[in-house]
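*Asks:* Provided herewith is a single structure, encoded as structure tokens, for subsequent inquiry.
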Amino acid sequence: FDYYKCREIERGDIIFYGYSGKAEPIIKVVKGVPSDALDLKAQNDKWLILLNNEIVKNSKGEEYEINTQGQRMISLYIKDYKGVIPPSAYLLLGNLKNGSLDSTRFGLVGKDDIIGKVITKE
């Protein structure tokens, strides 16, 4: 905890996020960082998330496929910030290709809400 008090958050970091609807922090992956181009692409009845014109994928190489609710949430940020993730904001996603409790449900998050980095033993 407090890992990011003196360090930068980087794309690909696995983090603890203090989601207000949960007593315990949730674990997510930082997919989008400040100044990334953020967009969506319709594909059949799903939406794909694009960062810097590339389709976002999970750790298994699967494309994230979000539903209309997730599309509406991400579209708000695309519109408000002209398709660029603003300073001190991050796109957090889970590892399930069809979504989870992540930025497609609660939006972009500020650095202050990221409470720690998950460190794995190798």
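Labels for the structure tokens follow display order: chains A, B, ..., residues from 1 in each chain, ligands from 1.
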Please identify all polymer residues within 10 Å of Asn95 (chain A), counting only C-alpha atoms, omitting same-chain residues fewer than 2 positions from it, and present them as JSON, numbers by chain.

*Replies:* {"A": [27, 28, 29, 57, 58, 59, 60, 62, 64, 93, 97, 98, 99, 100, 102]}

*Asks:* Go ahead and save the picked residues with N, CA, C and O atoms, as a short mmCIF file (atom, residue, chain, number, x, y, z; two decimals), in the first residue's frame.

*Replies:*
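Output saved as part05.cif:
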data_model
loop_
_atom_site.label_atom_id
_atom_site.label_comp_id
_atom_site.auth_asym_id
_atom_site.auth_seq_id
_atom_site.Cartn_x
_atom_site.Cartn_y
_atom_site.Cartn_z
N ILE A 27 -8.93 -5.63 -7.15
CA ILE A 27 -7.70 -5.72 -7.92
C ILE A 27 -8.02 -5.54 -9.40
O ILE A 27 -8.90 -6.23 -9.93
N LYS A 28 -7.30 -4.63 -10.05
CA LYS A 28 -7.52 -4.33 -11.47
C LYS A 28 -6.18 -4.12 -12.16
O LYS A 28 -5.15 -3.96 -11.51
N VAL A 29 -6.21 -4.07 -13.48
CA VAL A 29 -5.02 -3.81 -14.29
C VAL A 29 -5.14 -2.41 -14.89
O VAL A 29 -6.21 -2.04 -15.40
N LYS A 57 -6.61 -5.63 -25.05
CA LYS A 57 -6.75 -7.07 -24.82
C LYS A 57 -6.38 -7.40 -23.38
O LYS A 57 -5.63 -6.68 -22.74
N ASN A 58 -6.91 -8.52 -22.91
CA ASN A 58 -6.57 -8.98 -21.56
C ASN A 58 -5.28 -9.79 -21.60
O ASN A 58 -4.64 -9.93 -22.64
N SER A 59 -4.90 -10.39 -20.48
CA SER A 59 -3.63 -11.12 -20.39
C SER A 59 -3.61 -12.38 -21.24
O SER A 59 -2.55 -12.91 -21.56
N LYS A 60 -4.78 -12.86 -21.64
CA LYS A 60 -4.87 -14.04 -22.51
C LYS A 60 -4.86 -13.67 -23.99
O LYS A 60 -4.98 -14.53 -24.84
N GLU A 62 -7.21 -11.85 -25.39
CA GLU A 62 -8.60 -11.71 -25.85
C GLU A 62 -9.01 -10.24 -25.85
O GLU A 62 -8.66 -9.50 -24.92
N TYR A 64 -11.27 -7.14 -25.19
CA TYR A 64 -12.36 -6.80 -24.29
C TYR A 64 -13.59 -6.48 -25.13
O TYR A 64 -13.51 -5.71 -26.09
N LEU A 93 -9.15 -2.07 -15.90
CA LEU A 93 -9.96 -3.17 -16.38
C LEU A 93 -9.61 -4.43 -15.62
O LEU A 93 -8.49 -4.58 -15.12
N LYS A 97 -12.79 -10.98 -20.49
CA LYS A 97 -12.99 -10.30 -21.77
C LYS A 97 -14.36 -9.65 -21.90
O LYS A 97 -14.53 -8.69 -22.64
N ASN A 98 -15.35 -10.14 -21.16
CA ASN A 98 -16.69 -9.57 -21.22
C ASN A 98 -16.95 -8.56 -20.11
O ASN A 98 -18.08 -8.17 -19.86
N GLY A 99 -15.90 -8.15 -19.43
CA GLY A 99 -16.03 -7.10 -18.43
C GLY A 99 -16.19 -7.61 -17.01
O GLY A 99 -16.44 -8.77 -16.77
N SER A 100 -16.03 -6.68 -16.09
CA SER A 100 -16.16 -6.96 -14.67
C SER A 100 -16.45 -5.62 -13.99
O SER A 100 -16.77 -4.64 -14.66
N ASP A 102 -15.22 -2.66 -13.25
CA ASP A 102 -14.04 -1.92 -13.69
C ASP A 102 -14.46 -0.58 -14.27
O ASP A 102 -15.59 -0.14 -14.06
#

*Asks:* Show which residues sit within 10 Å of Glu8 (chain A), as a PyMOL selection string. Count only C-alpha atoms, and ignore same-chain residues fewer than 4 positions away.

*Replies:* chain A and resi 3-4+111

*Asks:* Could you name the residues that touch Leu48 (chain A) at 8 Å or less, counting only C-alpha atoms, but leaving out those on the same chain fewer than 6 positions away, as a PDB file with N, CA and C atoms, in the first residue's frame?

*Replies:*
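Ended up saving to part.pdb:
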ATOM      1  N   LEU A  40     -13.811   3.973 -28.938  1.00  0.00           N
ATOM      2  CA  LEU A  40     -14.583   2.734 -28.983  1.00  0.00           C
ATOM      3  C   LEU A  40     -14.847   2.364 -30.427  1.00  0.00           C
ATOM      4  N   LYS A  41     -15.011   1.069 -30.662  1.00  0.00           N
ATOM      5  CA  LYS A  41     -15.317   0.577 -32.001  1.00  0.00           C
ATOM      6  C   LYS A  41     -16.449  -0.430 -31.875  1.00  0.00           C
ATOM      7  N   ALA A  42     -17.525  -0.227 -32.650  1.00  0.00           N
ATOM      8  CA  ALA A  42     -18.645  -1.158 -32.646  1.00  0.00           C
ATOM      9  C   ALA A  42     -18.259  -2.419 -33.405  1.00  0.00           C
ATOM     10  N   ILE A  55      -6.729  -2.106 -30.285  1.00  0.00           N
ATOM     11  CA  ILE A  55      -7.757  -2.773 -29.493  1.00  0.00           C
ATOM     12  C   ILE A  55      -7.134  -3.283 -28.193  1.00  0.00           C
ATOM     13  N   VAL A  56      -7.789  -3.002 -27.075  1.00  0.00           N
ATOM     14  CA  VAL A  56      -7.302  -3.421 -25.759  1.00  0.00           C
ATOM     15  C   VAL A  56      -7.619  -4.902 -25.558  1.00  0.00           C
ATOM     16  N   GLU A  63      -9.733  -9.837 -26.868  1.00  0.00           N
ATOM     17  CA  GLU A  63     -10.230  -8.470 -26.945  1.00  0.00           C
ATOM     18  C   GLU A  63     -11.329  -8.269 -25.912  1.00  0.00           C
ATOM     19  N   TYR A  64     -11.265  -7.137 -25.195  1.00  0.00           N
ATOM     20  CA  TYR A  64     -12.364  -6.803 -24.292  1.00  0.00           C
ATOM     21  C   TYR A  64     -13.591  -6.485 -25.135  1.00  0.00           C
ATOM     22  N   GLU A  65     -14.726  -7.092 -24.799  1.00  0.00           N
ATOM     23  CA  GLU A  65     -15.984  -6.838 -25.492  1.00  0.00           C
ATOM     24  C   GLU A  65     -16.969  -6.307 -24.459  1.00  0.00           C
ATOM     25  N   ILE A  66     -17.244  -5.009 -24.515  1.00  0.00           N
ATOM     26  CA  ILE A  66     -18.129  -4.433 -23.509  1.00  0.00           C
ATOM     27  C   ILE A  66     -19.530  -4.266 -24.069  1.00  0.00           C
TER      28      ILE A  66
END

*Asks:* Using only C-alpha atoms, determine which residues lie at most 6 Å from Val30 (chain A), disregarding the query and same-chain residues fewer than 6 positions distant; provide the list as JSON, numbers by chain.

*Replies:* {"A": [11, 12, 13, 92]}

*Asks:* Find, counting only C-alpha atoms, the residue in A:Pro25, A:Gly116, A:Gly18, A:Gly83 that gets nearest to Ala37 (chain A).

*Replies:*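 Residue with the minimum atom-to-atom distance to Ala37 (chain A): A:Gly83.
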
*Asks:* Determine the nearest neighbour of Ile9 (chain A) from the options A:Gly32, A:Gly94, A:Gly21, A:Pro86, counting only C-alpha atoms.

*Replies:*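 Among the listed residues, A:Gly32 lies closest to Ile9 (chain A).
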
*Asks:* Go through chain A and collect every residue that DSSP, computed from the backbone, puts in strand (DSSP E); the answer should be as a PDB file with C-alpha atoms, in the first residue's frame.

*Replies:*
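Once written, states08.pdb looks like this:
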ATOM      1  CA  ILE A  14      -1.799  -4.617 -11.249  1.00  0.00           C
ATOM      2  CA  ILE A  15      -3.250  -2.391  -8.563  1.00  0.00           C
ATOM      3  CA  PHE A  16      -5.532  -2.210  -5.527  1.00  0.00           C
ATOM      4  CA  TYR A  17      -8.409   0.196  -6.104  1.00  0.00           C
ATOM      5  CA  ILE A  26     -10.541  -4.616  -5.671  1.00  0.00           C
ATOM      6  CA  ILE A  27      -7.696  -5.719  -7.919  1.00  0.00           C
ATOM      7  CA  LYS A  28      -7.518  -4.335 -11.474  1.00  0.00           C
ATOM      8  CA  VAL A  29      -5.023  -3.813 -14.287  1.00  0.00           C
ATOM      9  CA  VAL A  30      -4.048  -0.313 -15.418  1.00  0.00           C
ATOM     10  CA  LYS A  31      -4.761  -0.325 -19.160  1.00  0.00           C
ATOM     11  CA  GLY A  32      -4.978   3.394 -19.938  1.00  0.00           C
ATOM     12  CA  LEU A  38      -9.338   6.603 -25.918  1.00  0.00           C
ATOM     13  CA  ASP A  39     -11.997   5.437 -28.361  1.00  0.00           C
ATOM     14  CA  LEU A  40     -14.583   2.734 -28.983  1.00  0.00           C
ATOM     15  CA  LYS A  41     -15.317   0.577 -32.001  1.00  0.00           C
ATOM     16  CA  ALA A  42     -18.645  -1.158 -32.646  1.00  0.00           C
ATOM     17  CA  GLN A  43     -18.410  -4.844 -33.490  1.00  0.00           C
ATOM     18  CA  LYS A  46     -20.545  -5.432 -28.598  1.00  0.00           C
ATOM     19  CA  TRP A  47     -18.037  -2.606 -28.301  1.00  0.00           C
ATOM     20  CA  LEU A  48     -14.255  -2.806 -28.339  1.00  0.00           C
ATOM     21  CA  ILE A  49     -12.062  -0.367 -26.399  1.00  0.00           C
ATOM     22  CA  LEU A  50      -9.273   1.318 -28.346  1.00  0.00           C
ATOM     23  CA  LEU A  51      -6.220   2.903 -26.727  1.00  0.00           C
ATOM     24  CA  GLU A  54      -5.126  -0.367 -30.804  1.00  0.00           C
ATOM     25  CA  ILE A  55      -7.757  -2.773 -29.493  1.00  0.00           C
ATOM     26  CA  GLU A  65     -15.984  -6.838 -25.492  1.00  0.00           C
ATOM     27  CA  ILE A  66     -18.129  -4.433 -23.509  1.00  0.00           C
ATOM     28  CA  ALA A  89      -6.805   9.632 -14.582  1.00  0.00           C
ATOM     29  CA  TYR A  90      -6.546   5.942 -15.394  1.00  0.00           C
ATOM     30  CA  LEU A  91      -8.546   3.274 -17.219  1.00  0.00           C
ATOM     31  CA  LEU A  92      -8.763   0.158 -15.031  1.00  0.00           C
ATOM     32  CA  LEU A  93      -9.962  -3.174 -16.380  1.00  0.00           C
ATOM     33  CA  VAL A 109     -10.269   6.801 -11.729  1.00  0.00           C
ATOM     34  CA  GLY A 110      -7.955   9.315 -10.131  1.00  0.00           C
ATOM     35  CA  ILE A 114      -5.362   3.757  -6.404  1.00  0.00           C
ATOM     36  CA  ILE A 115      -4.202   2.622  -3.006  1.00  0.00           C
ATOM     37  CA  GLY A 116      -1.441   0.145  -3.778  1.00  0.00           C
ATOM     38  CA  LYS A 117       0.377  -2.106  -6.186  1.00  0.00           C
TER      39      LYS A 117
END

*Asks:* What does the distance from CA of Leu108 (chain A) to CA of Ala23 (chain A) come to in Å, to one decimal?

*Replies:*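 Computing it gives 19.9 Å between the two atoms.
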
*Asks:* Considering only helix (DSSP H, G or I) as DSSP defines it on the backbone, what residues of chain A qualify? List them as a ChimeraX atom specification.

*Replies:* /A:3-5,68-80,103-106,111-113
